[in-house]
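Visitor: The structure file final30.tsv (TSV, C-alpha atoms) is provided below.
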chain	number	residue	atom	x	y	z
G	1	MET	CA	21.86	-33.25	-5.77
G	2	ASN	CA	22.38	-29.81	-7.25
G	3	HIS	CA	25.79	-30.53	-8.80
G	4	HIS	CA	24.58	-32.66	-11.70
G	5	LEU	CA	21.84	-32.76	-14.29
G	6	LEU	CA	19.27	-35.16	-12.86
G	7	ASN	CA	18.08	-36.47	-16.22
G	8	PRO	CA	19.67	-34.90	-19.30
G	9	ARG	CA	17.11	-36.64	-21.54
G	10	ALA	CA	14.09	-35.23	-19.69
G	11	PRO	CA	12.10	-32.98	-22.09
G	12	ILE	CA	12.35	-29.93	-19.82
G	13	ASN	CA	16.16	-30.18	-19.76
G	14	ARG	CA	16.28	-30.25	-23.56
G	15	LEU	CA	14.47	-26.92	-23.91
G	16	PRO	CA	16.37	-23.84	-25.10
G	17	VAL	CA	17.76	-21.81	-22.20
G	18	GLU	CA	15.59	-18.81	-23.15
G	19	LEU	CA	12.43	-20.90	-22.91
G	20	LEU	CA	13.49	-22.43	-19.60
G	21	GLN	CA	14.09	-18.91	-18.28
G	22	GLN	CA	10.55	-17.93	-19.24
G	23	ILE	CA	9.14	-20.99	-17.47
G	24	PHE	CA	11.10	-20.15	-14.33
G	25	LEU	CA	9.87	-16.55	-14.48
G	26	LEU	CA	6.25	-17.70	-14.77
G	27	ILE	CA	6.75	-19.90	-11.71
G	28	VAL	CA	8.22	-17.04	-9.67
G	29	ASN	CA	5.55	-14.55	-10.75
G	30	ASP	CA	2.71	-17.01	-10.15
G	31	ASP	CA	2.81	-15.99	-6.48
G	32	PRO	CA	1.61	-12.36	-6.08
G	33	ASN	CA	3.74	-12.04	-2.95
G	34	ASN	CA	7.41	-11.22	-3.28
G	35	PRO	CA	9.79	-14.19	-2.93
G	36	SER	CA	11.16	-14.51	0.60
G	37	ILE	CA	14.86	-14.74	1.37
G	38	LEU	CA	14.88	-15.43	5.15
G	39	SER	CA	13.02	-17.80	7.42
G	40	ASN	CA	12.89	-16.57	11.02
G	41	GLY	CA	12.25	-19.21	13.66
G	42	ASP	CA	12.04	-18.96	17.43
G	43	THR	CA	15.70	-19.86	17.89
G	44	HIS	CA	17.29	-19.47	14.46
G	45	ILE	CA	17.41	-17.51	11.21
G	46	ALA	CA	17.82	-19.51	8.01
G	47	VAL	CA	17.70	-19.12	4.27
G	48	ASP	CA	14.22	-19.73	2.88
G	49	VAL	CA	14.83	-22.37	0.19
G	50	THR	CA	11.26	-23.69	0.14
G	51	SER	CA	10.02	-21.41	-2.64
G	52	PRO	CA	11.30	-19.98	-5.95
G	53	PRO	CA	13.67	-18.66	-7.03
G	54	LEU	CA	16.02	-20.22	-4.44
G	55	LEU	CA	14.19	-23.54	-4.71
G	56	LEU	CA	14.94	-23.69	-8.44
G	57	THR	CA	18.66	-23.30	-7.81
G	58	ARG	CA	18.76	-26.50	-5.74
G	59	VAL	CA	17.44	-28.93	-8.36
G	60	CYS	CA	20.51	-29.36	-10.57
G	61	ARG	CA	23.48	-27.45	-11.94
G	62	LEU	CA	21.70	-26.54	-15.19
G	63	TRP	CA	18.71	-25.11	-13.38
G	64	ARG	CA	20.95	-23.21	-11.00
G	65	ASP	CA	22.93	-21.67	-13.87
G	66	VAL	CA	19.77	-20.75	-15.76
G	67	ALA	CA	18.17	-19.21	-12.65
G	68	HIS	CA	21.28	-17.22	-11.76
G	69	SER	CA	21.44	-15.80	-15.29
G	70	SER	CA	17.80	-14.65	-15.27
G	71	THR	CA	17.87	-11.13	-13.81
G	72	SER	CA	14.05	-10.80	-13.84
G	73	MET	CA	13.72	-13.63	-11.30
G	74	TRP	CA	15.69	-11.68	-8.71
G	75	SER	CA	14.07	-8.26	-9.10
G	76	ARG	CA	11.43	-8.93	-6.39
G	77	ILE	CA	12.21	-9.77	-2.76
G	78	HIS	CA	10.51	-9.99	0.63
G	79	VAL	CA	12.70	-9.41	3.69
G	80	ALA	CA	11.42	-10.17	7.19
G	81	LEU	CA	13.71	-8.31	9.60
G	82	PRO	CA	14.64	-10.65	12.49
G	83	GLY	CA	14.88	-7.93	15.17
G	84	ARG	CA	17.88	-9.55	16.86
G	85	ILE	CA	20.26	-7.53	18.97
G	86	LYS	CA	23.34	-9.40	17.80
G	87	PRO	CA	24.57	-9.00	14.21
G	88	LEU	CA	23.93	-11.72	11.66
G	89	GLN	CA	26.61	-14.10	10.49
G	90	SER	CA	28.22	-12.79	7.31
G	91	PHE	CA	26.58	-15.47	5.14
G	92	LEU	CA	23.05	-14.02	5.38
G	93	PRO	CA	23.92	-10.39	4.45
G	94	SER	CA	26.10	-11.78	1.64
G	95	LEU	CA	23.15	-13.79	0.37
G	96	LEU	CA	21.02	-10.63	0.24
G	97	GLU	CA	23.78	-8.78	-1.61
G	98	GLY	CA	24.06	-11.68	-4.05
G	99	TRP	CA	20.30	-11.70	-4.64
G	100	LEU	CA	20.33	-8.00	-5.52
G	101	ALA	CA	23.44	-8.42	-7.69
G	102	ARG	CA	21.73	-11.14	-9.75
G	103	SER	CA	18.92	-8.71	-10.57
G	104	GLY	CA	21.41	-6.71	-12.62
G	105	HIS	CA	20.17	-3.21	-13.35
G	106	ARG	CA	16.48	-4.07	-13.24
G	107	PRO	CA	14.00	-2.02	-11.19
G	108	LEU	CA	13.37	-3.56	-7.78
G	109	THR	CA	10.15	-4.50	-6.01
G	110	LEU	CA	10.72	-4.82	-2.25
G	111	SER	CA	8.61	-5.64	0.79
G	112	ILE	CA	10.18	-5.19	4.22
G	113	VAL	CA	8.50	-6.18	7.50
G	114	SER	CA	9.54	-6.59	11.12
G	115	GLU	CA	9.23	-10.25	12.04
G	116	GLN	CA	9.71	-9.79	15.77
G	117	PHE	CA	8.20	-6.86	17.67
G	118	CYS	CA	8.18	-8.49	21.06
G	119	ASP	CA	8.52	-12.21	21.78
G	120	LEU	CA	7.30	-13.09	25.27
G	121	ARG	CA	9.08	-16.45	25.07
G	122	ASP	CA	12.42	-14.74	24.47
G	123	THR	CA	13.91	-15.22	27.94
G	124	LYS	CA	17.51	-14.88	26.70
G	125	GLY	CA	17.07	-11.43	25.16
G	126	ARG	CA	17.76	-12.52	21.59
G	127	TYR	CA	15.12	-10.21	20.18
G	128	LEU	CA	14.32	-6.56	20.67
G	129	SER	CA	11.37	-5.18	22.55
G	130	LEU	CA	8.83	-3.14	20.60
G	131	PHE	CA	9.90	-0.13	22.65
G	132	ASP	CA	13.60	-0.37	21.78
G	133	PRO	CA	13.85	-1.07	18.05
G	134	HIS	CA	17.01	0.84	17.13
G	135	ARG	CA	19.50	-1.51	18.81
G	136	SER	CA	18.98	-4.29	16.27
G	137	LYS	CA	22.32	-4.80	14.59
G	138	ALA	CA	20.85	-7.61	12.50
G	139	ASP	CA	18.12	-5.37	11.09
G	140	ARG	CA	20.60	-2.58	10.47
G	141	GLN	CA	22.80	-4.90	8.43
G	142	LEU	CA	19.96	-5.86	6.11
G	143	LEU	CA	18.48	-2.37	5.83
G	144	GLU	CA	21.81	-0.85	4.85
G	145	ILE	CA	22.04	-3.30	1.95
G	146	LEU	CA	18.47	-2.65	0.82
G	147	PHE	CA	18.79	1.13	1.12
G	148	SER	CA	22.05	1.11	-0.83
G	149	ALA	CA	20.01	-0.11	-3.82
G	150	SER	CA	17.44	2.73	-3.56
G	151	GLY	CA	18.49	4.01	-6.97
G	152	ARG	CA	16.73	0.96	-8.48
G	153	TRP	CA	13.63	0.95	-6.26
G	154	GLU	CA	10.41	0.87	-8.29
G	155	SER	CA	7.79	-0.46	-5.87
G	156	VAL	CA	8.53	-0.60	-2.12
G	157	ALA	CA	6.49	-1.54	0.96
G	158	ILE	CA	8.11	-0.92	4.36
G	159	MET	CA	5.52	-2.37	6.70
G	160	SER	CA	7.00	-1.70	10.09
G	161	PRO	CA	6.28	1.27	12.36
G	162	ASP	CA	9.59	0.79	14.18
G	163	ILE	CA	11.76	1.54	11.12
G	164	ARG	CA	11.94	5.24	11.75
G	165	ASP	CA	13.42	8.04	9.66
G	166	TRP	CA	14.47	5.60	6.93
G	167	SER	CA	13.61	8.15	4.22
G	168	ASP	CA	16.33	10.60	5.28
G	169	ASN	CA	18.76	11.19	2.40
G	170	ILE	CA	17.25	8.42	0.27
G	171	ASP	CA	17.59	8.97	-3.48
G	172	ALA	CA	14.98	6.89	-5.34
G	173	PRO	CA	14.60	8.39	-8.82
G	174	ARG	CA	12.82	5.31	-10.26
G	175	LEU	CA	10.37	4.79	-7.39
G	176	THR	CA	6.73	4.90	-8.52
G	177	THR	CA	4.86	3.10	-5.69
G	178	LEU	CA	5.45	3.33	-1.93
G	179	THR	CA	3.64	1.86	1.08
G	180	CYS	CA	4.96	2.78	4.53
G	181	TYR	CA	4.29	4.20	7.96
G	182	GLN	CA	4.71	7.88	8.81
G	183	GLN	CA	7.79	9.61	7.45
G	184	GLU	CA	8.88	13.22	7.33
G	185	PHE	CA	9.92	12.92	3.65
G	186	ARG	CA	11.95	16.11	3.96
G	187	SER	CA	15.10	14.77	2.29
G	188	PHE	CA	13.49	11.97	0.31
G	189	ASN	CA	14.08	12.30	-3.42
G	190	ALA	CA	11.44	10.41	-5.42
G	191	PRO	CA	10.44	12.66	-8.34
G	192	ASN	CA	8.54	9.86	-10.11
G	193	LEU	CA	6.48	8.69	-7.13
G	194	HIS	CA	2.87	8.34	-8.32
G	195	ARG	CA	1.24	6.02	-5.75
G	196	LEU	CA	1.56	6.44	-1.97
G	197	HIS	CA	-0.11	4.53	0.88
G	198	ILE	CA	0.53	5.89	4.39
G	199	PHE	CA	-0.20	3.95	7.59
G	200	PHE	CA	-0.49	6.30	10.54
G	201	ARG	CA	-3.11	7.96	12.69
G	202	GLY	CA	-3.76	11.56	11.70
G	203	TYR	CA	-0.78	11.90	9.38
G	204	LYS	CA	-0.04	15.32	7.92
G	205	PHE	CA	2.42	15.88	5.11
G	206	PRO	CA	5.26	18.39	5.36
G	207	ALA	CA	4.60	21.66	3.56
G	208	ALA	CA	7.14	20.98	0.80
G	209	PRO	CA	7.74	17.28	0.04
G	210	THR	CA	10.25	16.46	-2.68
G	211	PHE	CA	7.66	14.58	-4.76
G	212	LYS	CA	4.87	16.58	-6.34
G	213	ASN	CA	3.32	14.32	-8.98
G	214	LEU	CA	1.27	11.90	-6.89
G	215	CYS	CA	-1.72	10.49	-8.75
G	216	TYR	CA	-2.94	8.03	-6.07
G	217	LEU	CA	-2.97	8.67	-2.32
G	218	HIS	CA	-4.24	6.23	0.33
G	219	LEU	CA	-4.33	7.39	3.96
G	220	GLN	CA	-5.12	5.05	6.83
G	221	GLN	CA	-6.49	7.84	8.99
G	222	THR	CA	-6.71	11.59	8.52
G	223	SER	CA	-8.88	14.65	9.16
G	224	ALA	CA	-10.88	16.93	6.91
G	225	ASN	CA	-8.30	19.70	7.40
G	226	SER	CA	-5.47	17.36	6.42
G	227	ILE	CA	-7.27	16.31	3.24
G	228	ARG	CA	-7.68	19.94	2.22
G	229	PHE	CA	-4.05	20.69	3.06
G	230	THR	CA	-2.92	17.59	1.13
G	231	SER	CA	-4.91	18.75	-1.87
G	232	VAL	CA	-2.84	21.91	-2.03
G	233	ILE	CA	0.43	19.96	-1.84
G	234	PHE	CA	-0.49	17.36	-4.48
G	235	PRO	CA	-2.53	19.12	-7.19
G	236	GLN	CA	-2.05	16.20	-9.63
G	237	LEU	CA	-4.08	13.71	-7.56
G	238	GLU	CA	-6.51	11.57	-9.55
G	239	ASN	CA	-7.57	9.11	-6.85
G	240	MET	CA	-7.78	9.53	-3.06
G	241	VAL	CA	-8.69	6.85	-0.48
G	242	VAL	CA	-9.24	7.43	3.27
G	243	ASP	CA	-9.88	4.53	5.67
G	244	ASP	CA	-10.85	6.40	8.84
G	245	TRP	CA	-11.16	9.86	10.40
G	246	SER	CA	-9.02	11.45	13.10
G	247	LEU	CA	-9.15	14.70	15.04
G	248	GLY	CA	-8.25	17.70	12.93
G	249	TYR	CA	-5.78	20.41	13.80
G	250	GLY	CA	-4.30	23.54	12.24
G	251	ASP	CA	-5.91	26.35	10.29
G	252	ARG	CA	-8.62	25.48	7.82
G	253	ILE	CA	-8.13	26.21	4.13
G	254	ASP	CA	-11.44	27.68	3.00
G	255	THR	CA	-11.30	27.02	-0.74
G	256	VAL	CA	-9.31	24.27	-2.45
G	257	THR	CA	-9.23	22.77	-5.94
G	258	LEU	CA	-8.24	19.35	-7.22
G	259	SER	CA	-8.67	19.80	-10.94
G	260	ARG	CA	-7.70	16.20	-11.84
G	261	LEU	CA	-9.35	14.17	-9.08
G	262	ARG	CA	-11.65	11.58	-10.67
G	263	SER	CA	-12.31	9.15	-7.81
G	264	MET	CA	-12.59	9.52	-4.03
G	265	THR	CA	-13.20	6.90	-1.31
G	266	LEU	CA	-14.27	8.05	2.16
G	267	PRO	CA	-15.77	6.35	5.24
G	268	ILE	CA	-18.88	7.46	7.03
G	269	ALA	CA	-20.12	6.22	10.41
G	270	SER	CA	-23.59	4.73	10.64
G	271	ASP	CA	-24.40	4.64	14.34
G	272	GLY	CA	-27.36	7.00	14.44
G	273	GLN	CA	-26.95	9.78	16.98
G	274	ASP	CA	-23.79	8.38	18.54
G	275	PHE	CA	-21.32	11.22	19.22
G	276	ILE	CA	-18.49	9.63	17.21
G	277	ALA	CA	-20.83	9.01	14.28
G	278	MET	CA	-21.99	12.62	14.34
G	279	PHE	CA	-18.38	13.80	14.49
G	280	ASP	CA	-17.44	11.62	11.50
G	281	ARG	CA	-20.39	12.87	9.49
G	282	GLN	CA	-19.37	16.46	10.17
G	283	ASP	CA	-15.85	15.64	9.01
G	284	PHE	CA	-17.34	14.21	5.83
G	285	ILE	CA	-19.21	17.46	5.18
G	286	ASP	CA	-16.18	19.60	6.04
G	287	VAL	CA	-14.09	17.81	3.41
G	288	PHE	CA	-16.37	18.97	0.61
G	289	ASP	CA	-17.31	22.44	1.86
G	290	GLY	CA	-15.78	24.84	-0.66
G	291	PHE	CA	-14.00	22.00	-2.50
G	292	HIS	CA	-13.77	22.53	-6.27
G	293	LEU	CA	-13.72	19.11	-7.97
G	294	PRO	CA	-14.45	19.72	-11.65
G	295	MET	CA	-13.41	16.20	-12.78
G	296	LEU	CA	-14.80	14.09	-9.92
G	297	GLN	CA	-16.78	11.25	-11.48
G	298	LYS	CA	-17.11	8.66	-8.72
G	299	LEU	CA	-17.50	8.92	-4.96
G	300	THR	CA	-17.16	5.65	-3.03
G	301	VAL	CA	-18.58	5.67	0.49
G	302	VAL	CA	-17.64	2.92	2.95
G	303	VAL	CA	-20.51	2.44	5.38
G	304	GLU	CA	-21.84	-0.35	7.60
G	305	GLU	CA	-25.51	0.45	7.15
G	306	LEU	CA	-27.32	3.01	5.03
G	307	LYS	CA	-29.81	5.19	6.93
G	308	PRO	CA	-31.32	8.64	6.35
G	309	PRO	CA	-28.65	10.52	8.40
G	310	GLU	CA	-25.87	9.10	6.20
G	311	VAL	CA	-27.72	9.90	2.97
G	312	GLU	CA	-28.48	13.43	4.13
G	313	CYS	CA	-24.82	13.90	5.15
G	314	ILE	CA	-23.64	12.90	1.67
G	315	ARG	CA	-26.23	15.08	-0.05
G	316	MET	CA	-25.28	18.11	2.06
G	317	ALA	CA	-21.57	17.53	1.51
G	318	LEU	CA	-21.84	17.32	-2.28
G	319	ALA	CA	-24.19	20.29	-2.38
G	320	ALA	CA	-21.47	22.33	-0.66
G	321	ALA	CA	-18.86	21.35	-3.26
G	322	THR	CA	-18.42	22.01	-6.96
G	323	CYS	CA	-18.52	18.63	-8.70
G	324	HIS	CA	-20.74	18.84	-11.74
G	325	GLU	CA	-19.23	15.74	-13.42
G	326	LEU	CA	-20.18	13.30	-10.64
G	327	THR	CA	-21.83	10.32	-12.30
G	328	ALA	CA	-21.93	7.70	-9.52
G	329	ILE	CA	-21.97	7.25	-5.76
G	330	ASP	CA	-20.97	3.71	-4.85
G	331	PHE	CA	-21.65	2.31	-1.40
G	332	GLN	CA	-19.27	-0.35	-0.10
G	333	MET	CA	-21.15	-2.31	2.54
G	334	ALA	CA	-22.13	-5.85	3.48
G	335	ILE	CA	-25.86	-5.38	2.77
G	336	PRO	CA	-26.79	-6.66	-0.71
G	337	PRO	CA	-28.41	-4.23	-3.18
G	338	SER	CA	-31.74	-6.09	-2.93
G	339	GLU	CA	-32.06	-5.09	0.74
G	340	VAL	CA	-31.39	-1.38	0.27
G	341	ASP	CA	-34.34	0.88	1.00
G	342	MET	CA	-34.78	2.79	-2.26
G	343	ASP	CA	-36.78	5.58	-0.62
G	344	ILE	CA	-33.82	6.35	1.63
G	345	VAL	CA	-31.36	6.54	-1.27
G	346	LYS	CA	-33.60	8.49	-3.68
G	347	PRO	CA	-32.53	12.02	-2.50
G	348	LEU	CA	-29.00	11.35	-3.77
G	349	LEU	CA	-30.24	11.67	-7.36
G	350	SER	CA	-30.19	15.42	-6.78
G	351	VAL	CA	-26.36	15.31	-6.65
G	352	THR	CA	-25.44	12.32	-8.85
G	353	LYS	CA	-26.70	10.43	-11.88
G	354	GLU	CA	-26.38	6.90	-10.47
G	355	VAL	CA	-26.22	5.10	-7.12
G	356	THR	CA	-24.55	1.70	-6.86
G	357	VAL	CA	-23.85	-0.84	-4.12
G	358	CYS	CA	-20.53	-2.65	-4.54
G	359	GLY	CA	-20.62	-1.64	-8.20
G	360	LYS	CA	-24.17	-2.86	-8.88
G	361	ALA	CA	-26.55	-0.09	-9.97
G	362	LEU	CA	-29.79	0.53	-8.08
G	363	ASP	CA	-32.84	1.12	-10.25
G	364	LEU	CA	-34.05	4.30	-8.59
G	365	LEU	CA	-35.98	5.56	-11.59
G	366	GLU	CA	-38.79	3.12	-10.80
G	367	ILE	CA	-39.62	4.91	-7.55
G	368	LEU	CA	-39.44	8.46	-8.89
G	369	PRO	CA	-42.87	10.09	-9.32
G	370	GLY	CA	-44.15	10.22	-12.86
G	371	PRO	CA	-45.50	13.34	-14.63
G	372	GLU	CA	-48.75	14.75	-13.35
G	373	THR	CA	-51.80	14.08	-15.50
For this file, write the structure as structure tokens.
Guide:
Amino acid sequence: MNHHLLNPRAPINRLPVELLQQIFLLIVNDDPNNPSILSNGDTHIAVDVTSPPLLLTRVCRLWRDVAHSSTSMWSRIHVALPGRIKPLQSFLPSLLEGWLARSGHRPLTLSIVSEQFCDLRDTKGRYLSLFDPHRSKADRQLLEILFSASGRWESVAIMSPDIRDWSDNIDAPRLTTLTCYQQEFRSFNAPNLHRLHIFFRGYKFPAAPTFKNLCYLHLQQTSANSIRFTSVIFPQLENMVVDDWSLGYGDRIDTVTLSRLRSMTLPIASDGQDFIAMFDRQDFIDVFDGFHLPMLQKLTVVVEELKPPEVECIRMALAAATCHELTAIDFQMAIPPSEVDMDIVKPLLSVTKEVTVCGKALDLLEILPGPET
């Protein structure tokens, strides 16, 4: 079917090649996820031809030629590592090399995941166990191809905790966005890296990473000490997000400054006098104690339920910091703004100009006492 033009008189086949390329690119980019190259089944690994751009190459010869000549269509790719012990047949690595070659010199957007951690149905030992990931010859074949193109990486997500030490001796001068699990980053050259999302419990950066110009940092789990230490390493940060707290370690840095930080997102536990909740609230306070944040404008607090202990924790934390430009505290929680107890939230007006819930402002001025008569 793909060796001939299906209908040369069809309107779409009479369009200029440049316009047909733009249509193909719109189709590929319509899906926010990167196009997939492999389909991993229980007993086989195949080429994923069910979605663009590979799907477009199977319609007719004209479409195949147009798709192959459109470098933008091949600059994004999703690779699900099969985790097999045996190496892949040469066709599949060659297909990956061909995909990258068709992207020309364009910057690359990659997402890499491990498809098989541990398959309990795998009685013949085709796949690797979660506890023995480095024996996968199939994964190694694909990773070597992807890492060889690191000079063109622009946005990369390596979503697999079992791909260890991949950053060693990687040169990625065009990389701007990275999502990955813990790495040492000691010999990782990415001078233009601006956005970093780290998945790991209690991760702490090395003292001298090779990238210094981070603007956005998202940590899955960290401690108050690590946040302060990170602030010294990355003085250009403008936005910091933390999902959860972990136990702190190391010496505390008493006074730190993030002169460009404009937005911060932190969690806070809301379980009353529960020990873990009290520990998390103390971590929240410790982050801000002695923290100089002259440009901080918005603090986002992720909380399940808003009660007086949480409000007092936030008020004490901000009172211990220097953040005179703070204009809003936004609470991210499931409770709608109409159900928030205004009397509980009112003390926060001593440290901020506005309180919002999921971006919607609370009208706290109505409950403030008027002038005495």
Visitor: Taking every listed atom of region 329-333 of chain G and adding 3 Å to each side, what centre and edge lengths in Å (one decimal) does the axis-aligned box have, as lines of an AutoDock Vina configuration file?
Guide:
center_x = -20.6
center_y = 2.5
center_z = -1.6
size_x = 8.7
size_y = 15.6
size_z = 14.3
Visitor: Would you compute the distance between CA of Glu97 (chain G) and CA of Arg164 (chain G)? Give it in Å to one decimal.
Guide: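 These two atoms are separated by 22.7 Å.
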Visitor: At what distance in Å, to one decimal, does CA of Gln21 (chain G) lie from CA of Arg64 (chain G)?
Guide: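 Computing it gives 10.9 Å between the two atoms.
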Visitor: Counting all atoms listed in the file, which residues have an atom no more than 12 Å from (-17.3, 27.2, -1.8) in the file's coordinates? Please list them as an MDAnalysis selection string.
Guide: chainID G and resid 253:257 286:293 317:323
Visitor: Take CA of Cys313 (chain G) and CA of Phe199 (chain G) and report the distance between them in Å, one decimal.
Guide: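 Computing the Euclidean distance for CA of Cys313 (chain G) and CA of Phe199 (chain G) yields 26.7 Å.
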Visitor: Considering all atoms listed in the file, return as a list in words whatever protein or nucleic-acid residues lie within 12 Å of Thr210 (chain G), sequence-local ones (same chain, fewer than 5 positions apart) excluded.
Guide: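 Contacts, with the query itself left out: Ser167, Asp168, Asn169, Ile170, Asp171, Ala172, Pro173, Glu184, Phe185, Arg186, Ser187, Phe188, Asn189, Ala190, Pro191, Asn192, Leu193, Phe205, Ile233 and Phe234 of chain G.
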Visitor: List the spatial neighbours of Gln89 (chain G) as JSON, numbers by chain - criterion: any atom at most 10 Å away, only C-alpha atoms, same-chain residues fewer than 4 positions off excluded.
Guide: {"G": [45, 93, 94, 138]}
Visitor: Give me the residues within 12 Å of Leu146 (chain G) as a PyMOL selection string, counting all atoms listed in the file and dropping any in the same chain fewer than 5 places off.
Guide: chain G and resi 76-79+81+93-94+96-101+108-112+139-141+151-153+156+158+166+170+172
Visitor: Which residues, written as a PyMOL selection string, have at least one atom at most 9 Å from Pro294 (chain G), with all atoms listed in the file counted and residues fewer than 6 positions away on the same chain left out?
Guide: chain G and resi 257-262+322-326
Visitor: How would the residues just chosen look if you wrote them out with C-alpha atoms as a tab-separated table (two decimals), keeping the file's coordinate frame?
Guide:
chain	number	residue	atom	x	y	z
G	257	THR	CA	-9.23	22.77	-5.94
G	258	LEU	CA	-8.24	19.35	-7.22
G	259	SER	CA	-8.67	19.80	-10.94
G	260	ARG	CA	-7.70	16.20	-11.84
G	261	LEU	CA	-9.35	14.17	-9.08
G	262	ARG	CA	-11.65	11.58	-10.67
G	322	THR	CA	-18.42	22.01	-6.96
G	323	CYS	CA	-18.52	18.63	-8.70
G	324	HIS	CA	-20.74	18.84	-11.74
G	325	GLU	CA	-19.23	15.74	-13.42
G	326	LEU	CA	-20.18	13.30	-10.64
Visitor: Pick from G:Thr327, G:Ser350, G:Thr230, G:Gln282: nearest to Arg315 (chain G), with all atoms listed in the file counted?
Guide: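 The closest residue to Arg315 (chain G) is G:Ser350.
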Visitor: Can you tell me, as a list of chain:residue names, what residues are no more than 8 Å from Val303 (chain G) when counting all atoms listed in the file, ignoring any on the same chain fewer than 5 positions away?
Guide: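 The filter keeps G:Pro267, G:Ile268, G:Ala269, G:Ser270, G:Phe331, G:Gln332, G:Met333.
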